[in-house]
$ cat my_file_35.csv   # CSV, C-alpha atoms
chain,number,residue,atom,x,y,z
A,1,LEU,CA,-31.6,-11.9,3.1
A,2,MET,CA,-28.5,-12.5,0.9
A,3,PHE,CA,-30.6,-13.9,-1.9
A,4,LEU,CA,-32.9,-10.9,-1.9
A,5,SER,CA,-30.1,-8.4,-1.5
A,6,TYR,CA,-28.2,-9.7,-4.5
A,7,HIS,CA,-31.3,-9.8,-6.7
A,8,VAL,CA,-32.5,-6.2,-6.1
A,9,GLY,CA,-33.2,-4.8,-9.5
A,10,TYR,CA,-33.2,-8.2,-11.3
A,11,ASP,CA,-36.1,-10.2,-12.7
A,12,LEU,CA,-37.2,-11.7,-9.4
A,13,ASP,CA,-40.7,-12.5,-10.5
A,14,GLY,CA,-39.7,-13.9,-13.9
A,15,ILE,CA,-36.5,-15.7,-14.8
A,16,ILE,CA,-35.3,-16.0,-11.2
A,17,ALA,CA,-38.7,-17.3,-9.8
A,18,THR,CA,-38.9,-19.8,-12.7
A,19,GLN,CA,-35.4,-21.1,-12.1
A,20,ALA,CA,-36.0,-21.4,-8.4
A,21,LYS,CA,-39.3,-23.3,-9.0
A,22,SER,CA,-37.5,-25.7,-11.4
A,23,MET,CA,-34.9,-26.4,-8.7
A,24,GLY,CA,-37.5,-26.9,-5.9
A,25,VAL,CA,-36.3,-23.7,-4.1
A,26,LYS,CA,-39.0,-21.6,-2.4
A,27,MET,CA,-38.8,-17.9,-3.1
A,28,PRO,CA,-38.3,-15.9,0.1
A,29,GLU,CA,-41.0,-13.5,1.3
A,30,ARG,CA,-40.6,-9.8,0.6
A,31,GLY,CA,-41.9,-6.8,2.4
A,32,PRO,CA,-43.5,-3.7,0.8
A,33,PHE,CA,-40.5,-1.6,1.4
A,34,TYR,CA,-38.2,-4.1,-0.3
A,35,ASP,CA,-40.6,-4.2,-3.3
A,36,GLU,CA,-40.7,-0.4,-3.6
A,37,CYS,CA,-36.9,-0.2,-3.6
A,38,HIS,CA,-36.6,-3.2,-6.0
A,39,ALA,CA,-39.0,-1.6,-8.5
A,40,MET,CA,-37.1,1.7,-8.3
A,41,VAL,CA,-33.8,-0.1,-9.1
A,42,GLN,CA,-35.4,-2.0,-12.0
A,43,LYS,CA,-36.6,1.3,-13.4
A,44,VAL,CA,-33.2,3.0,-13.1
A,45,LYS,CA,-31.5,0.0,-14.9
A,46,ALA,CA,-34.1,0.3,-17.7
A,47,GLU,CA,-33.6,4.0,-18.1
A,48,HIS,CA,-29.7,3.9,-18.1
A,49,PRO,CA,-28.6,0.9,-20.1
A,50,GLU,CA,-25.5,2.9,-21.3
A,51,GLN,CA,-24.0,2.7,-17.8
A,52,ARG,CA,-23.2,-1.0,-18.3
A,53,TYR,CA,-21.1,-0.2,-21.3
A,54,ILE,CA,-19.4,2.7,-19.6
A,55,PHE,CA,-18.4,0.4,-16.7
A,56,ILE,CA,-17.1,-2.3,-19.0
A,57,ALA,CA,-14.9,0.2,-20.8
A,58,TRP,CA,-13.7,1.6,-17.5
A,59,CYS,CA,-12.8,-1.8,-16.2
A,60,LEU,CA,-10.9,-2.7,-19.4
A,61,LEU,CA,-9.0,0.6,-19.1
A,62,ILE,CA,-8.0,-0.2,-15.5
A,63,THR,CA,-6.9,-3.7,-16.7
A,64,THR,CA,-4.7,-2.2,-19.3
A,65,LEU,CA,-3.2,0.5,-17.0
A,66,LEU,CA,-2.3,-2.1,-14.3
A,67,PRO,CA,0.7,-3.6,-16.1
A,68,LEU,CA,1.7,-0.2,-17.6
A,69,SER,CA,1.8,1.4,-14.2
A,70,PHE,CA,3.8,-1.5,-12.8
A,71,ALA,CA,6.3,-1.2,-15.6
A,72,TRP,CA,6.7,2.5,-14.8
A,73,TYR,CA,7.3,1.9,-11.1
A,74,LEU,CA,9.8,-0.9,-11.7
A,75,THR,CA,11.8,0.8,-14.4
A,76,ALA,CA,11.7,4.4,-13.3
A,77,PRO,CA,10.8,4.7,-9.7
A,78,SER,CA,9.6,8.2,-8.6
A,79,VAL,CA,7.0,9.9,-6.5
A,80,ALA,CA,4.8,10.2,-9.6
A,81,ALA,CA,5.2,6.6,-10.5
A,82,GLY,CA,4.5,5.4,-7.0
A,83,ILE,CA,1.3,7.5,-6.6
A,84,ALA,CA,0.1,6.6,-10.1
A,85,THR,CA,0.6,2.9,-9.4
A,86,ALA,CA,-1.2,3.2,-6.1
A,87,LEU,CA,-4.2,5.0,-7.8
A,88,VAL,CA,-4.4,2.3,-10.5
A,89,PHE,CA,-4.3,-0.4,-7.8
A,90,GLU,CA,-7.0,1.4,-5.9
A,91,ALA,CA,-9.2,1.7,-9.0
A,92,TYR,CA,-8.7,-2.0,-9.6
A,93,PHE,CA,-9.7,-3.1,-6.1
A,94,LEU,CA,-12.7,-0.7,-5.8
A,95,ASN,CA,-14.0,-1.4,-9.3
A,96,ILE,CA,-12.8,-4.8,-10.5
A,97,PHE,CA,-12.1,-6.9,-7.4
A,98,HIS,CA,-15.1,-5.6,-5.4
A,99,THR,CA,-17.7,-5.7,-8.1
A,100,ARG,CA,-16.4,-8.9,-9.7
A,101,HIS,CA,-16.9,-10.9,-6.5
A,102,HIS,CA,-20.2,-9.2,-5.8
A,103,LYS,CA,-21.3,-10.4,-9.3
A,104,GLY,CA,-20.2,-14.0,-8.8
A,105,GLU,CA,-17.0,-13.6,-10.9
A,106,LYS,CA,-19.1,-12.4,-13.8
A,107,LEU,CA,-17.8,-8.9,-13.9
A,108,TYR,CA,-18.7,-8.1,-17.5
A,109,GLY,CA,-21.6,-10.4,-18.1
A,110,VAL,CA,-19.9,-11.1,-21.5
A,111,PRO,CA,-18.8,-14.8,-21.5
A,112,LEU,CA,-15.7,-14.2,-23.7
A,113,LEU,CA,-14.5,-11.2,-21.8
A,114,ASP,CA,-15.0,-12.9,-18.4
A,115,ARG,CA,-13.1,-16.0,-19.6
A,116,LEU,CA,-10.2,-14.0,-21.0
A,117,THR,CA,-9.8,-11.7,-18.0
A,118,SER,CA,-10.6,-14.1,-15.1
A,119,PRO,CA,-7.1,-15.8,-15.0
A,120,ILE,CA,-5.5,-12.3,-14.8
A,121,TYR,CA,-7.8,-11.1,-12.1
A,122,GLU,CA,-7.3,-14.3,-10.1
A,123,VAL,CA,-3.5,-13.7,-9.9
A,124,VAL,CA,-3.9,-10.1,-9.0
A,125,ASP,CA,-6.6,-10.8,-6.4
A,126,ASN,CA,-4.6,-13.5,-4.6
A,127,THR,CA,-1.2,-11.8,-4.9
A,128,TRP,CA,-2.0,-8.2,-3.8
A,129,GLY,CA,-5.6,-8.4,-2.5
A,130,TYR,CA,-7.8,-10.2,0.0
A,131,MET,CA,-8.0,-14.0,-0.8
A,132,PRO,CA,-11.3,-14.2,-2.6
A,133,GLU,CA,-12.7,-17.2,-0.7
A,134,ALA,CA,-12.1,-15.5,2.6
A,135,TRP,CA,-13.3,-12.2,1.3
A,136,ARG,CA,-16.6,-13.6,0.0
A,137,ARG,CA,-17.3,-15.2,3.4
A,138,ASN,CA,-16.4,-12.1,5.4
A,139,HIS,CA,-17.8,-9.5,3.1
A,140,HIS,CA,-20.9,-11.0,1.7
A,141,VAL,CA,-22.1,-12.9,4.7
A,142,ARG,CA,-20.6,-11.2,7.7
A,143,HIS,CA,-20.5,-7.5,6.6
A,144,HIS,CA,-23.4,-7.1,4.2
A,145,ILE,CA,-25.8,-9.2,6.2
A,146,ASN,CA,-24.6,-8.1,9.7
A,147,THR,CA,-23.5,-4.5,9.1
A,148,ASN,CA,-22.1,-2.7,12.2
A,149,ASN,CA,-22.8,-5.5,14.7
A,150,GLU,CA,-20.5,-7.9,16.5
A,151,VAL,CA,-20.4,-10.3,13.5
A,152,ASP,CA,-19.2,-7.6,11.1
A,153,PRO,CA,-15.4,-8.1,10.5
A,154,ASP,CA,-14.8,-4.5,9.5
A,155,LEU,CA,-15.2,-1.5,11.8
A,156,PRO,CA,-16.6,-3.4,14.9
A,157,ALA,CA,-13.7,-5.8,14.8
A,158,MET,CA,-11.2,-2.9,15.3
A,159,TYR,CA,-12.2,-2.8,19.0
A,160,PRO,CA,-10.5,-2.5,21.5
A,161,ILE,CA,-8.0,-0.4,19.5
A,162,ILE,CA,-10.7,1.7,18.0
A,163,ARG,CA,-14.1,2.4,19.6
A,164,MET,CA,-16.7,2.9,16.8
A,165,PHE,CA,-20.0,2.1,18.6
A,166,PRO,CA,-21.6,3.2,21.9
A,167,SER,CA,-22.2,-0.4,22.9
A,168,GLN,CA,-18.4,-1.0,23.1
A,169,PRO,CA,-16.9,-0.2,26.6
A,170,LYS,CA,-14.8,3.0,26.6
A,171,LEU,CA,-11.1,2.6,27.5
A,172,TRP,CA,-8.8,5.4,28.6
A,173,PHE,CA,-6.8,5.6,25.3
A,174,HIS,CA,-9.9,6.0,23.2
A,175,LYS,CA,-9.8,9.7,23.9
A,176,PHE,CA,-6.8,9.8,21.5
A,177,GLN,CA,-8.3,7.6,18.8
A,178,THR,CA,-9.2,10.3,16.3
A,179,PHE,CA,-5.5,11.3,16.4
A,180,TYR,CA,-3.8,7.9,16.2
A,181,TRP,CA,-6.2,6.5,13.6
A,182,PRO,CA,-4.1,7.8,10.7
A,183,LEU,CA,-1.0,6.0,12.2
A,184,MET,CA,-2.8,2.7,11.6
A,185,MET,CA,-3.3,3.2,7.8
A,186,PRO,CA,0.2,2.8,6.2
A,187,LEU,CA,0.1,-1.0,6.4
A,188,SER,CA,-3.6,-1.6,6.2
A,189,VAL,CA,-3.4,-2.8,2.6
A,190,ALA,CA,0.1,-4.4,2.7
A,191,ARG,CA,-1.1,-6.7,5.4
A,192,PHE,CA,-3.4,-8.7,3.1
A,193,PRO,CA,-0.8,-10.9,1.3
A,194,ILE,CA,0.5,-11.8,4.8
A,195,SER,CA,-2.9,-12.4,6.2
A,196,ASN,CA,-3.9,-14.5,3.2
A,197,VAL,CA,-1.3,-17.1,4.2
A,198,LEU,CA,-1.2,-16.9,8.0
A,199,GLU,CA,-5.0,-16.4,8.6
A,200,HIS,CA,-6.8,-17.8,5.6
A,201,GLY,CA,-4.6,-20.6,4.4
A,202,GLY,CA,-3.8,-19.0,1.1
A,203,ASN,CA,-1.3,-20.4,-1.5
A,204,PRO,CA,2.2,-19.3,-0.4
A,205,ILE,CA,3.2,-19.1,-4.1
A,206,TYR,CA,1.1,-15.9,-4.3
A,207,PHE,CA,2.8,-14.5,-1.3
A,208,LEU,CA,6.3,-15.2,-2.8
A,209,LEU,CA,5.1,-13.5,-6.0
A,210,TRP,CA,4.1,-10.4,-3.9
A,211,VAL,CA,7.4,-10.3,-2.2
A,212,THR,CA,9.3,-10.6,-5.5
A,213,MET,CA,7.2,-7.9,-7.2
A,214,MET,CA,7.1,-5.5,-4.3
A,215,PHE,CA,10.6,-5.9,-2.8
A,216,VAL,CA,13.0,-8.2,-4.6
A,217,LEU,CA,12.7,-6.8,-8.1
A,218,PRO,CA,12.6,-3.2,-7.1
A,219,ALA,CA,15.7,-3.7,-5.0
A,220,LEU,CA,17.6,-5.6,-7.7
A,221,VAL,CA,16.7,-3.1,-10.5
A,222,ASN,CA,16.8,0.2,-8.7
A,223,GLY,CA,18.2,-0.4,-5.2
A,224,ARG,CA,17.0,2.0,-2.5
A,225,ASP,CA,14.9,4.1,-4.9
A,226,GLY,CA,12.9,1.0,-5.9
A,227,LEU,CA,12.2,0.0,-2.3
A,228,LEU,CA,11.1,3.6,-1.4
A,229,CYS,CA,8.8,3.7,-4.4
A,230,SER,CA,7.3,0.3,-3.3
A,231,ALA,CA,6.8,1.7,0.2
A,232,LEU,CA,5.1,4.8,-1.2
A,233,ILE,CA,2.7,2.6,-3.2
A,234,ASN,CA,1.7,0.5,-0.1
A,235,VAL,CA,1.4,3.6,2.2
A,236,PHE,CA,-0.6,5.7,-0.3
A,237,ALA,CA,-2.9,2.9,-1.2
A,238,GLY,CA,-3.4,2.0,2.5
A,239,TYR,CA,-4.5,5.5,3.3
A,240,SER,CA,-6.7,6.0,0.3
A,241,ILE,CA,-8.5,2.7,0.2
A,242,THR,CA,-9.0,2.2,4.0
A,243,TYR,CA,-10.3,5.7,4.6
A,244,LYS,CA,-12.9,5.3,1.8
A,245,PHE,CA,-14.2,2.1,3.5
A,246,ALA,CA,-14.0,3.6,7.0
A,247,VAL,CA,-16.1,6.7,6.3
A,248,SER,CA,-18.9,4.5,4.8
A,249,HIS,CA,-20.2,3.1,8.1
A,250,SER,CA,-19.0,5.5,10.7
A,251,HIS,CA,-20.4,9.0,10.6
A,252,GLU,CA,-21.3,11.4,13.4
A,253,GLU,CA,-25.0,11.3,12.5
A,254,LEU,CA,-25.5,7.5,11.9
A,255,VAL,CA,-28.1,5.8,14.1
A,256,ASP,CA,-27.2,2.8,16.3
A,257,TRP,CA,-29.9,0.3,16.4
A,258,ASP,CA,-30.7,-3.3,15.5
A,259,SER,CA,-34.2,-3.3,14.1
A,260,VAL,CA,-33.9,-6.8,12.6
A,261,GLN,CA,-34.3,-8.4,16.0
A,262,THR,CA,-37.7,-6.8,16.5
A,263,ALA,CA,-39.3,-8.2,13.3
A,264,THR,CA,-42.4,-10.3,13.7
A,265,THR,CA,-42.7,-11.9,10.2
A,266,ASP,CA,-40.4,-12.9,7.4
A,267,ALA,CA,-41.5,-10.0,5.2
A,268,ASP,CA,-41.2,-7.6,8.1
A,269,HIS,CA,-37.7,-9.0,8.9
A,270,VAL,CA,-36.6,-8.3,5.3
A,271,ASP,CA,-37.9,-4.7,5.4
A,272,LYS,CA,-36.4,-3.9,8.8
A,273,TRP,CA,-33.1,-5.4,7.7
A,274,LEU,CA,-33.1,-3.2,4.5
A,275,VAL,CA,-33.9,-0.1,6.6
A,276,GLN,CA,-31.0,-1.0,8.8
A,277,GLN,CA,-28.7,-1.2,5.8
A,278,ILE,CA,-29.8,2.3,4.7
A,279,THR,CA,-29.6,4.0,8.1
A,280,GLU,CA,-26.2,2.6,9.1
A,281,SER,CA,-24.4,3.6,6.0
A,282,THR,CA,-23.1,6.9,4.5
A,283,SER,CA,-23.0,8.2,0.9
A,284,TRP,CA,-20.9,11.0,-0.5
A,285,GLY,CA,-20.0,12.5,-3.9
A,286,GLY,CA,-21.7,12.3,-7.3
A,287,TYR,CA,-21.4,10.5,-10.6
A,288,TRP,CA,-17.7,10.9,-11.2
A,289,SER,CA,-16.8,9.8,-7.7
A,290,THR,CA,-19.1,6.8,-8.2
A,291,LEU,CA,-17.4,5.8,-11.4
A,292,LEU,CA,-13.9,6.3,-10.1
A,293,CYS,CA,-14.6,4.5,-6.7
A,294,GLY,CA,-16.7,1.6,-8.0
A,295,GLY,CA,-19.7,2.9,-6.1
A,296,LEU,CA,-18.0,2.6,-2.7
A,297,ASN,CA,-18.7,6.3,-2.1
A,298,LEU,CA,-22.5,5.6,-2.4
A,299,GLN,CA,-22.5,3.0,0.4
A,300,ILE,CA,-26.2,3.3,1.1
A,301,GLU,CA,-27.0,2.5,-2.4
A,302,HIS,CA,-24.4,-0.2,-2.6
A,303,HIS,CA,-25.8,-2.0,0.4
A,304,LEU,CA,-29.3,-1.7,-1.2
A,305,ALA,CA,-28.2,-3.2,-4.5
A,306,PRO,CA,-24.7,-4.7,-4.2
A,307,SER,CA,-24.6,-6.5,-7.5
A,308,VAL,CA,-25.6,-3.8,-10.0
A,309,ASP,CA,-23.0,-2.0,-12.1
A,310,PRO,CA,-21.6,0.7,-9.8
A,311,PRO,CA,-22.3,3.8,-12.1
A,312,LEU,CA,-26.0,3.0,-11.8
A,313,LEU,CA,-25.8,3.8,-8.1
A,314,ALA,CA,-25.4,7.5,-8.9
A,315,PHE,CA,-28.9,7.4,-10.6
A,316,ILE,CA,-30.4,5.3,-7.8
A,317,ALA,CA,-29.2,7.8,-5.1
A,318,PRO,CA,-31.7,10.7,-5.7
A,319,LYS,CA,-34.6,8.3,-6.0
A,320,LEU,CA,-33.7,6.4,-2.9
A,321,ARG,CA,-33.4,9.7,-1.0
A,322,LYS,CA,-37.0,10.4,-2.0
A,323,ILE,CA,-38.1,7.0,-0.8
A,324,CYS,CA,-36.4,7.6,2.5
A,325,GLU,CA,-38.1,11.0,2.9
A,326,LYS,CA,-41.4,9.4,2.2
A,327,HIS,CA,-40.9,6.8,4.9
A,328,LYS,CA,-39.2,9.3,7.3
A,329,LEU,CA,-35.9,7.4,7.3
A,330,LYS,CA,-32.6,9.1,8.0
A,331,TYR,CA,-30.4,9.3,4.9
A,332,VAL,CA,-26.9,10.4,5.7
A,333,ALA,CA,-25.0,11.9,2.8
A,334,GLU,CA,-22.0,14.3,2.3
A,335,PRO,CA,-21.0,16.3,-0.8
A,336,THR,CA,-17.4,15.1,-0.8
A,337,PHE,CA,-15.1,12.5,0.7
A,338,PHE,CA,-13.4,15.2,2.8
A,339,HIS,CA,-16.8,16.2,4.4
A,340,ALA,CA,-17.4,12.5,5.1
A,341,ALA,CA,-13.9,12.1,6.6
A,342,ALA,CA,-14.4,15.1,8.8
A,343,LYS,CA,-17.7,13.6,10.2
A,344,PHE,CA,-15.9,10.2,10.6
A,345,HIS,CA,-13.2,11.8,12.8
A,346,ALA,CA,-16.0,13.7,14.7
A,347,ARG,CA,-17.5,10.4,15.6
A,348,LEU,CA,-14.2,9.0,16.7
A,349,TRP,CA,-13.7,12.1,18.9
A,350,LYS,CA,-17.3,11.8,20.3
A,351,LEU,CA,-16.9,8.1,21.1
A,352,GLY,CA,-13.5,8.6,22.7

$ encode --input "my_file_35.csv" --output "structure tokens"
Amino acid sequence: LMFLSYHVGYDLDGIIATQAKSMGVKMPERGPFYDECHAMVQKVKAEHPEQRYIFIAWCLLITTLLPLSFAWYLTAPSVAAGIATALVFEAYFLNIFHTRHHKGEKLYGVPLLDRLTSPIYEVVDNTWGYMPEAWRRNHHVRHHINTNNEVDPDLPAMYPIIRMFPSQPKLWFHKFQTFYWPLMMPLSVARFPISNVLEHGGNPIYFLLWVTMMFVLPALVNGRDGLLCSALINVFAGYSITYKFAVSHSHEELVDWDSVQTATTDADHVDKWLVQQITESTSWGGYWSTLLCGGLNLQIEHHLAPSVDPPLLAFIAPKLRKICEKHKLKYVAEPTFFHAAAKFHARLWKLG
């Protein structure tokens, strides 16, 4: 499943099949629904080659803004500096971190660019983000392959604090979950450097660097104002990033089923799994939201083709919607993030 998922839209029957044969690897079976989606993504990629260059330019801009925003926050702490730094960090993790690891650390596909930027990204990822080794295991294998079931470490793992699915037993305090959900957001991003060390066995040097950059230096240079600005960055990023992930797989209209377990053949298994990916995700927004959010807003399309350049997802979306209409599959989409967030809270209320 992972092999097929990460090669949607790529040359499966050409270069990839040849390489697999030379290595003695048998190509997995594919169902007709997979092939239809695969052909559609290939066509979109061929029709919009410019999106690759737009994404490269966008990632290089984010890379440039990262140290500039940090310098602003460290030398002149303010509400504007804190929010700007949080937004740049969010852009980094939604676009560069997320896409780079989905692409096997080949973010740009340009060897020189990837070699030059990789050391920078490794430091940022391990210091402020989710330790890449742990993220790849939890995100690629557990989340993308087992979306919304008990193996998924994202929303299902929030139980018993949050009840996201009907199969989870309801507890008395879940009636309040739509109201206390926002109270859980402020530290949702700041916890990663701590979790990297305590849970995933990460290098403590990165943790010390995080403490120095987020607490020691701000306090030494600007005292209380520096610490308050650091707190603003963590809180703002926590709300903004976590909400965008949360609304992706928890919507009032999403179906709750596990069709993969009813498959009778390998090809049938692949198709039913792909249908599950589509019907248990939510998409919102258009092209600009897709560019800014690294495609995380178009979660249906991202789960269909996780390794394509994110801006392409905006062109895949209308074609995938037509495929879903043809096969009578539920395609859940909202016009904006705020509409998606409202339906997310409606689900929390309904399940509470």

$ residues_near_point --input "my_file_35.csv" --point "(-21.9, -8.5, 4.3)" --cutoff "12 Å" --atoms "only C-alpha atoms" --output "number ranges by chain"
A: 1-3, 5-6, 102, 135-149, 151-154, 277, 302-304, 306

$ atom_distance --input "my_file_35.csv" --atom1 "CA of Leu232 in chain A" --atom2 "CA of Met131 in chain A"
22.9 Å

$ residues_around --input "my_file_35.csv" --residues "Phe315 in chain A" --least-positions-apart "3" --cutoff "12 Å" --atoms "only C-alpha atoms" --output "PyMOL selection string"
chain A and resi 40-49+51+286-288+290-291+295+298+301-302+308-312+318-321

$ write_last_selection --input "my_file_35.csv" --atoms "C-alpha atoms" --output "JSON list (two decimals), in the frame of the given file"
[["chain", "number", "residue", "atom", "x", "y", "z"],
["A", 40, "MET", "CA", -37.10, 1.70, -8.30],
["A", 41, "VAL", "CA", -33.80, -0.10, -9.10],
["A", 42, "GLN", "CA", -35.40, -2.00, -12.00],
["A", 43, "LYS", "CA", -36.60, 1.30, -13.40],
["A", 44, "VAL", "CA", -33.20, 3.00, -13.10],
["A", 45, "LYS", "CA", -31.50, 0.00, -14.90],
["A", 46, "ALA", "CA", -34.10, 0.30, -17.70],
["A", 47, "GLU", "CA", -33.60, 4.00, -18.10],
["A", 48, "HIS", "CA", -29.70, 3.90, -18.10],
["A", 49, "PRO", "CA", -28.60, 0.90, -20.10],
["A", 51, "GLN", "CA", -24.00, 2.70, -17.80],
["A", 286, "GLY", "CA", -21.70, 12.30, -7.30],
["A", 287, "TYR", "CA", -21.40, 10.50, -10.60],
["A", 288, "TRP", "CA", -17.70, 10.90, -11.20],
["A", 290, "THR", "CA", -19.10, 6.80, -8.20],
["A", 291, "LEU", "CA", -17.40, 5.80, -11.40],
["A", 295, "GLY", "CA", -19.70, 2.90, -6.10],
["A", 298, "LEU", "CA", -22.50, 5.60, -2.40],
["A", 301, "GLU", "CA", -27.00, 2.50, -2.40],
["A", 302, "HIS", "CA", -24.40, -0.20, -2.60],
["A", 308, "VAL", "CA", -25.60, -3.80, -10.00],
["A", 309, "ASP", "CA", -23.00, -2.00, -12.10],
["A", 310, "PRO", "CA", -21.60, 0.70, -9.80],
["A", 311, "PRO", "CA", -22.30, 3.80, -12.10],
["A", 312, "LEU", "CA", -26.00, 3.00, -11.80],
["A", 318, "PRO", "CA", -31.70, 10.70, -5.70],
["A", 319, "LYS", "CA", -34.60, 8.30, -6.00],
["A", 320, "LEU", "CA", -33.70, 6.40, -2.90],
["A", 321, "ARG", "CA", -33.40, 9.70, -1.00]]

$ closest_residue --input "my_file_35.csv" --among "A:Leu61, A:Ile316, A:Leu68, A:Met23" --to "Leu292 in chain A" --atoms "only C-alpha atoms"
A:Leu61

$ closest_residue --input "my_file_35.csv" --among "A:Ala246, A:Ala219, A:Val25, A:Leu66" --to "Trp181 in chain A" --atoms "only C-alpha atoms"
A:Ala246

$ atom_distance --input "my_file_35.csv" --atom1 "CA of Gln276 in chain A" --atom2 "CA of Ala340 in chain A"
19.5 Å

$ closest_residue --input "my_file_35.csv" --among "A:Tyr73, A:Tyr121, A:Phe97, A:Phe245" --to "Met214 in chain A" --atoms "all atoms listed in the file"
A:Tyr73

$ atom_distance --input "my_file_35.csv" --atom1 "CA of Leu254 in chain A" --atom2 "CA of Thr279 in chain A"
6.6 Å

$ closest_residue --input "my_file_35.csv" --among "A:Thr212, A:Thr127, A:Thr75, A:Asn203" --to "Arg191 in chain A" --atoms "all atoms listed in the file"
A:Thr127

$ residues_around --input "my_file_35.csv" --residues "Gly223 in chain A" --least-positions-apart "6" --cutoff "12 Å" --atoms "all atoms listed in the file" --output "list in words"
Leu74, Thr75, Ala76, Pro77, Phe215, Val216, Leu217, Cys229 and Ser230 of chain A
